[in-house]
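A.B. asks: Input final_13.pdb, format and content: PDB, C-alpha atoms.
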ATOM      1  CA  MET A   6       6.028  -3.864 -36.351
ATOM      2  CA  LYS A   7       4.129  -1.927 -33.703
ATOM      3  CA  VAL A   8       2.310  -4.071 -31.151
ATOM      4  CA  ILE A   9      -0.068  -2.689 -28.557
ATOM      5  CA  ILE A  10       0.318  -4.215 -25.106
ATOM      6  CA  ALA A  11      -3.227  -4.648 -23.808
ATOM      7  CA  SER A  12      -2.431  -3.785 -20.198
ATOM      8  CA  ASN A  13      -2.243  -0.840 -17.846
ATOM      9  CA  ASN A  14       0.080  -2.710 -15.465
ATOM     10  CA  GLU A  15       3.398  -0.823 -15.524
ATOM     11  CA  GLY A  16       5.352  -3.891 -14.378
ATOM     12  CA  LYS A  17       3.978  -6.043 -17.199
ATOM     13  CA  ILE A  18       4.496  -3.274 -19.762
ATOM     14  CA  ARG A  19       8.170  -2.978 -18.742
ATOM     15  CA  GLU A  20       8.636  -6.745 -19.052
ATOM     16  CA  PHE A  21       6.938  -6.913 -22.449
ATOM     17  CA  LYS A  22       9.036  -4.052 -23.811
ATOM     18  CA  ALA A  23      12.246  -5.648 -22.524
ATOM     19  CA  MET A  24      11.366  -8.990 -24.108
ATOM     20  CA  LEU A  25       9.676  -7.938 -27.373
ATOM     21  CA  THR A  26      12.032  -5.151 -28.516
ATOM     22  CA  PRO A  27      14.993  -7.519 -29.165
ATOM     23  CA  LEU A  28      12.637  -9.658 -31.301
ATOM     24  CA  GLY A  29      12.164  -6.724 -33.679
ATOM     25  CA  TYR A  30       8.816  -5.489 -32.389
ATOM     26  CA  GLU A  31       7.945  -1.985 -31.284
ATOM     27  CA  PRO A  32       5.731  -2.586 -28.254
ATOM     28  CA  ILE A  33       3.637   0.355 -27.100
ATOM     29  CA  SER A  34       1.343   0.598 -24.114
ATOM     30  CA  MET A  35      -2.365   1.338 -24.418
ATOM     31  CA  LYS A  36      -1.639   4.754 -22.924
ATOM     32  CA  GLU A  37       1.019   5.470 -25.583
ATOM     33  CA  ALA A  38      -1.488   4.395 -28.245
ATOM     34  CA  GLY A  39      -4.084   6.787 -26.819
ATOM     35  CA  ILE A  40      -6.366   3.992 -25.649
ATOM     36  CA  SER A  41      -8.219   4.298 -22.373
ATOM     37  CA  ALA A  42     -10.292   1.217 -21.687
ATOM     38  CA  GLU A  43     -11.223  -0.942 -18.740
ATOM     39  CA  ILE A  44     -11.896  -4.450 -19.998
ATOM     40  CA  ALA A  45     -13.905  -6.872 -17.881
ATOM     41  CA  GLU A  46     -11.857 -10.017 -17.343
ATOM     42  CA  ASP A  47     -14.720 -12.420 -16.806
ATOM     43  CA  GLY A  48     -13.286 -15.555 -18.383
ATOM     44  CA  GLU A  49     -12.818 -18.757 -16.410
ATOM     45  CA  THR A  50      -9.235 -19.380 -17.549
ATOM     46  CA  PHE A  51      -6.097 -17.317 -18.112
ATOM     47  CA  SER A  52      -6.392 -18.010 -21.870
ATOM     48  CA  GLU A  53      -9.998 -16.798 -22.008
ATOM     49  CA  ASN A  54      -9.128 -13.569 -20.195
ATOM     50  CA  ALA A  55      -6.107 -12.916 -22.443
ATOM     51  CA  HIS A  56      -8.323 -13.432 -25.506
ATOM     52  CA  ILE A  57     -11.028 -11.099 -24.141
ATOM     53  CA  LYS A  58      -8.459  -8.305 -23.627
ATOM     54  CA  ALA A  59      -6.670  -8.785 -26.951
ATOM     55  CA  LYS A  60      -9.918  -8.905 -28.944
ATOM     56  CA  ALA A  61     -11.383  -5.832 -27.253
ATOM     57  CA  ILE A  62      -8.310  -3.720 -28.053
ATOM     58  CA  TYR A  63      -7.867  -5.188 -31.549
ATOM     59  CA  ASP A  64     -11.492  -4.386 -32.409
ATOM     60  CA  MET A  65     -10.812  -0.756 -31.404
ATOM     61  CA  VAL A  66      -7.592  -0.208 -33.359
ATOM     62  CA  LYS A  67      -7.274  -2.975 -35.991
ATOM     63  CA  MET A  68      -3.525  -3.312 -35.411
ATOM     64  CA  PRO A  69      -1.411  -6.049 -33.771
ATOM     65  CA  VAL A  70      -2.177  -6.562 -30.079
ATOM     66  CA  ILE A  71      -0.677  -8.747 -27.384
ATOM     67  CA  ALA A  72      -2.516  -9.428 -24.144
ATOM     68  CA  ASP A  73      -1.727 -11.616 -21.218
ATOM     69  CA  ASP A  74      -3.527 -12.916 -18.245
ATOM     70  CA  SER A  75      -1.381 -14.325 -15.543
ATOM     71  CA  GLY A  76      -1.509 -15.193 -11.926
ATOM     72  CA  LEU A  77      -0.439 -17.292  -9.029
ATOM     73  CA  CYS A  78      -1.790 -20.812  -8.519
ATOM     74  CA  ILE A  79      -1.197 -22.445  -5.121
ATOM     75  CA  GLU A  80      -1.737 -26.173  -4.808
ATOM     76  CA  PHE A  81      -2.810 -26.055  -1.131
ATOM     77  CA  LEU A  82      -5.481 -23.454  -1.978
ATOM     78  CA  GLY A  83      -6.933 -25.558  -4.794
ATOM     79  CA  GLY A  84      -5.290 -23.409  -7.472
ATOM     80  CA  ALA A  85      -6.297 -20.067  -5.918
ATOM     81  CA  PRO A  86      -5.850 -17.183  -6.353
ATOM     82  CA  GLY A  87      -5.677 -18.253 -10.040
ATOM     83  CA  VAL A  88      -7.564 -15.990 -12.444
ATOM     84  CA  TYR A  89      -8.542 -13.857  -9.442
ATOM     85  CA  SER A  90      -4.904 -13.087  -8.524
ATOM     86  CA  ALA A  91      -5.239  -9.337  -9.098
ATOM     87  CA  ARG A  92      -8.485  -9.041  -7.099
ATOM     88  CA  TYR A  93      -7.869 -11.788  -4.550
ATOM     89  CA  ALA A  94      -7.919  -9.419  -1.565
ATOM     90  CA  GLY A  95     -10.606  -7.172  -3.064
ATOM     91  CA  GLU A  96     -11.043  -5.096  -6.196
ATOM     92  CA  HIS A  97      -8.717  -2.241  -5.224
ATOM     93  CA  ALA A  98      -6.318  -4.106  -2.916
ATOM     94  CA  THR A  99      -2.609  -3.285  -2.995
ATOM     95  CA  ASN A 100       0.129  -5.825  -3.708
ATOM     96  CA  GLU A 101       0.876  -5.811   0.026
ATOM     97  CA  GLU A 102      -2.753  -6.630   0.879
ATOM     98  CA  ARG A 103      -2.866  -9.480  -1.642
ATOM     99  CA  ILE A 104       0.409 -10.882  -0.283
ATOM    100  CA  ALA A 105      -0.868 -10.582   3.300
ATOM    101  CA  LYS A 106      -4.042 -12.511   2.410
ATOM    102  CA  VAL A 107      -2.060 -15.360   0.823
ATOM    103  CA  LEU A 108       0.396 -15.524   3.731
ATOM    104  CA  ASP A 109      -2.508 -15.558   6.185
ATOM    105  CA  GLU A 110      -4.153 -18.453   4.334
ATOM    106  CA  MET A 111      -0.832 -20.344   4.179
ATOM    107  CA  HIS A 112       0.044 -19.727   7.850
ATOM    108  CA  GLY A 113       1.254 -22.949   9.485
ATOM    109  CA  VAL A 114       1.272 -24.911   6.207
ATOM    110  CA  ASP A 115       4.410 -27.063   5.902
ATOM    111  CA  LYS A 116       6.814 -26.509   3.015
ATOM    112  CA  PRO A 117       5.908 -29.677   1.057
ATOM    113  CA  LEU A 118       2.355 -28.316   0.761
ATOM    114  CA  ARG A 119       3.417 -24.787  -0.290
ATOM    115  CA  ALA A 120       3.973 -25.673  -3.973
ATOM    116  CA  ALA A 121       2.896 -22.917  -6.328
ATOM    117  CA  LYS A 122       3.300 -21.773  -9.892
ATOM    118  CA  PHE A 123       2.970 -18.593 -11.847
ATOM    119  CA  VAL A 124       0.961 -19.103 -15.045
ATOM    120  CA  CYS A 125       0.842 -16.779 -18.052
ATOM    121  CA  ALA A 126      -1.410 -17.035 -21.090
ATOM    122  CA  LEU A 127      -0.457 -14.774 -24.002
ATOM    123  CA  TYR A 128      -2.891 -13.972 -26.782
ATOM    124  CA  PHE A 129      -1.532 -12.308 -29.918
ATOM    125  CA  ILE A 130      -3.749 -10.956 -32.677
ATOM    126  CA  LYS A 131      -1.807  -9.875 -35.760
ATOM    127  CA  ASP A 132      -4.796  -9.330 -38.047
ATOM    128  CA  ASP A 133      -8.210 -10.817 -38.837
ATOM    129  CA  GLU A 134      -6.567 -14.039 -40.046
ATOM    130  CA  HIS A 135      -3.787 -14.638 -37.513
ATOM    131  CA  GLU A 136      -4.246 -15.268 -33.794
ATOM    132  CA  ILE A 137      -1.963 -17.230 -31.467
ATOM    133  CA  CYS A 138      -2.398 -18.323 -27.853
ATOM    134  CA  VAL A 139       0.486 -19.747 -25.814
ATOM    135  CA  THR A 140       1.080 -20.381 -22.122
ATOM    136  CA  GLY A 141       4.098 -20.486 -19.841
ATOM    137  CA  GLU A 142       4.603 -21.586 -16.246
ATOM    138  CA  CYS A 143       7.213 -20.982 -13.562
ATOM    139  CA  GLU A 144       7.199 -23.384 -10.622
ATOM    140  CA  GLY A 145       8.206 -22.601  -7.071
ATOM    141  CA  PHE A 146       6.670 -22.377  -3.621
ATOM    142  CA  ILE A 147       5.211 -19.806  -1.259
ATOM    143  CA  GLY A 148       7.689 -18.376   1.227
ATOM    144  CA  GLU A 149       6.964 -17.537   4.857
ATOM    145  CA  GLU A 150       7.384 -13.768   4.389
ATOM    146  CA  PRO A 151       7.988 -11.235   1.609
ATOM    147  CA  ILE A 152      11.650 -10.846   0.621
ATOM    148  CA  GLY A 153      13.211  -8.796  -2.163
ATOM    149  CA  ALA A 154      12.434  -5.406  -3.590
ATOM    150  CA  ASN A 155      12.305  -6.084  -7.336
ATOM    151  CA  GLY A 156       9.396  -7.276  -9.410
ATOM    152  CA  PHE A 157       5.738  -6.709  -8.592
ATOM    153  CA  GLY A 158       2.614  -8.556  -7.518
ATOM    154  CA  TYR A 159       3.293 -11.760  -5.615
ATOM    155  CA  ASP A 160       7.023 -11.841  -6.538
ATOM    156  CA  PRO A 161       8.235 -11.212  -2.933
ATOM    157  CA  ILE A 162       6.597 -14.421  -1.623
ATOM    158  CA  PHE A 163       7.176 -16.628  -4.674
ATOM    159  CA  MET A 164      10.319 -18.627  -3.953
ATOM    160  CA  ILE A 165      12.261 -20.166  -6.825
ATOM    161  CA  ASP A 166      14.591 -21.934  -4.381
ATOM    162  CA  ASP A 167      15.138 -22.013  -0.610
ATOM    163  CA  ASP A 168      16.952 -18.653  -0.550
ATOM    164  CA  THR A 169      15.617 -16.712  -3.529
ATOM    165  CA  SER A 170      12.281 -15.061  -4.189
ATOM    166  CA  MET A 171      11.232 -13.824  -7.619
ATOM    167  CA  ALA A 172      11.559 -10.284  -6.183
ATOM    168  CA  MET A 173      15.285 -10.841  -5.535
ATOM    169  CA  LEU A 174      16.064 -11.401  -9.211
ATOM    170  CA  SER A 175      17.332  -8.710 -11.533
ATOM    171  CA  GLU A 176      14.974  -7.782 -14.361
ATOM    172  CA  GLN A 177      17.238  -9.682 -16.767
ATOM    173  CA  GLU A 178      17.195 -12.838 -14.596
ATOM    174  CA  LYS A 179      13.424 -12.683 -14.154
ATOM    175  CA  ASN A 180      12.912 -12.114 -17.882
ATOM    176  CA  TYR A 181      14.738 -15.380 -18.492
ATOM    177  CA  ILE A 182      12.912 -17.750 -16.095
ATOM    178  CA  SER A 183       9.474 -16.180 -15.610
ATOM    179  CA  HIS A 184       6.161 -17.605 -16.790
ATOM    180  CA  ARG A 185       5.795 -14.575 -19.083
ATOM    181  CA  ALA A 186       9.280 -15.111 -20.556
ATOM    182  CA  LYS A 187       8.502 -18.771 -21.265
ATOM    183  CA  ALA A 188       5.222 -17.842 -22.945
ATOM    184  CA  LEU A 189       6.944 -15.111 -24.973
ATOM    185  CA  ARG A 190       9.622 -17.562 -26.159
ATOM    186  CA  LYS A 191       6.844 -19.891 -27.338
ATOM    187  CA  LEU A 192       5.149 -16.962 -29.074
ATOM    188  CA  ALA A 193       8.423 -15.952 -30.751
ATOM    189  CA  GLU A 194       8.807 -19.520 -32.072
ATOM    190  CA  GLU A 195       5.255 -19.446 -33.433
ATOM    191  CA  LEU A 196       5.775 -16.038 -35.058
ATOM    192  CA  SER A 197       9.007 -17.117 -36.745
ATOM    193  CA  ARG A 198       7.248 -19.990 -38.548
TER     194      ARG A 198
END
Show me the file's structure as structure tokens.

C.D. replies:
Amino acid sequence: MKVIIASNNEGKIREFKAMLTPLGYEPISMKEAGISAEIAEDGETFSENAHIKAKAIYDMVKMPVIADDSGLCIEFLGGAPGVYSARYAGEHATNEERIAKVLDEMHGVDKPLRAAKFVCALYFIKDDEHEICVTGECEGFIGEEPIGANGFGYDPIFMIDDDTSMAMLSEQEKNYISHRAKALRKLAEELSR
């Protein structure tokens, strides 16, 4: 079954394809489906934003769509950047600028207060009758500096243990422990029922 991935983020698209293909789906990007759309993510939660994206694309094409909204939540910052993760350092900021802003805000904060988690909400619309929303989380803490060259977004400062950032993991390792992987496993369970 073809599923449109409601995202233009190349990193997310790669992850979705790697995780959905073995489940028997044929994931295609919006670009591959000939869809060019900027969707306003103005929800207050990850789930709301995922629903907004999935519904907008589904209404255009009337075929199965999967959308996610995900981000970094840091305890010390009251859950920020949260749903604003992608625009935390400004609308057109680079990953490096977003990372720099977080590190600046966490400067001098002791490790016990650096707890963080990645959160992913997935929204799947199969047809007019079937919609599923699931979430996944990956817990860790904010490192002192970016390390690792894999991944994208905040991966280089998101530590899963004292020596390992998310950006140091292979794609296969990340696709096993990530917030998106956990949400996709939940979705796969729901779809198999």

A.B. asks: Give me the residues within 7 Å of region 90-106 of chain A as a list in words, counting all atoms listed in the file and dropping any in the same chain fewer than 5 places off.

C.D. replies: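 Final neighbour list, sorted by chain and number: Gly76, Leu77, Gly158 and Tyr159 of chain A.
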
A.B. asks: Using CA of Phe157 (chain A) and CA of Glu15 (chain A) as the two end points, give the distance in Å to one decimal.

C.D. replies: 9.4 Å

A.B. asks: Point out the residue among A:Met164, A:Val70, A:Leu82, A:Met65 with the least atom-to-atom distance to Ile40 (chain A), counting only C-alpha atoms.

C.D. replies: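 Among A:Met164, A:Val70, A:Leu82, A:Met65, it is A:Met65 that comes nearest to Ile40 (chain A).
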
A.B. asks: Rounded to one decimal in Å, what is the spacing between CA of Asp166 (chain A) and CA of Thr140 (chain A)?

C.D. replies: 22.4 Å

A.B. asks: Residues within 6 Å of region 175-189 of chain A, please, as a PyMOL selection string. Count all atoms listed in the file; anything in the same chain fewer than 6 positions from it doesn't count.

C.D. replies: chain A and resi 123-125+139-143

A.B. asks: Care to translate the PyMOL selection byres ((chain A and resi 41) around 12) into actual residues of this file, as a PyMOL selection string?

C.D. replies: chain A and resi 11-13+34-40+42-44+61-62+65-66

A.B. asks: List the neighbours of Asp74 (chain A) out to 8 Å using only C-alpha atoms; skip same-chain residues closer than 6 positions along the sequence, and give me the result as a ChimeraX atom specification.

C.D. replies: /A:51-52,54-55,88,125-127

A.B. asks: Between A:Glu49, A:Asp168, A:Glu150, A:Glu136, single out the one closest to Leu196 (chain A), counting all atoms listed in the file.

C.D. replies: A:Glu136

A.B. asks: With only C-alpha atoms as the atoms that count, which of A:Lys122, A:Ile9, A:Val107, A:Ala193 lies nearest to Met171 (chain A)?

C.D. replies: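 Counting only C-alpha atoms, the residue closest to Met171 (chain A) is A:Lys122.
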
A.B. asks: Enter the distance from CA of Arg19 (chain A) to CA of Ile33 (chain A), in Å, rounded to one decimal.

C.D. replies: 10.1 Å

A.B. asks: Rank nothing, just name the residue among A:Ala154, A:Met6, A:Cys138, A:Ile147 nearest to Asp167 (chain A), using all atoms listed in the file.

C.D. replies: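 Under the stated criterion, the closest residue is A:Ile147.
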
A.B. asks: Please provide the set of residues having any atom within 8 Å of Pro69 (chain A), restricted to all atoms listed in the file, with same-chain residues fewer than 2 positions apart removed, written as a PyMOL selection string.

C.D. replies: chain A and resi 7-9+63+67+71+129-132

A.B. asks: Take every atom of region 86-99 of chain A listed in the file, pad by 4 Å on each side, and give me the axis-aligned box centre and edge lengths in Å, one decimal, as JSON.

C.D. replies:
{"center_x": -6.8, "center_y": -10.2, "center_z": -7.0, "size_x": 16.4, "size_y": 24.0, "size_z": 18.9}

A.B. asks: So, counting all atoms listed in the file, which residue among A:Tyr128, A:Asn155, A:Met173, A:Asp64 is closest to Lys191 (chain A)?

C.D. replies: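 Using all atoms listed in the file, the shortest distance to Lys191 (chain A) belongs to A:Tyr128.
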
A.B. asks: Counting only C-alpha atoms, which of A:Ile10, A:Asp133, A:Arg190, A:Ala121 gets nearest to Asp160 (chain A)?

C.D. replies: A:Ala121
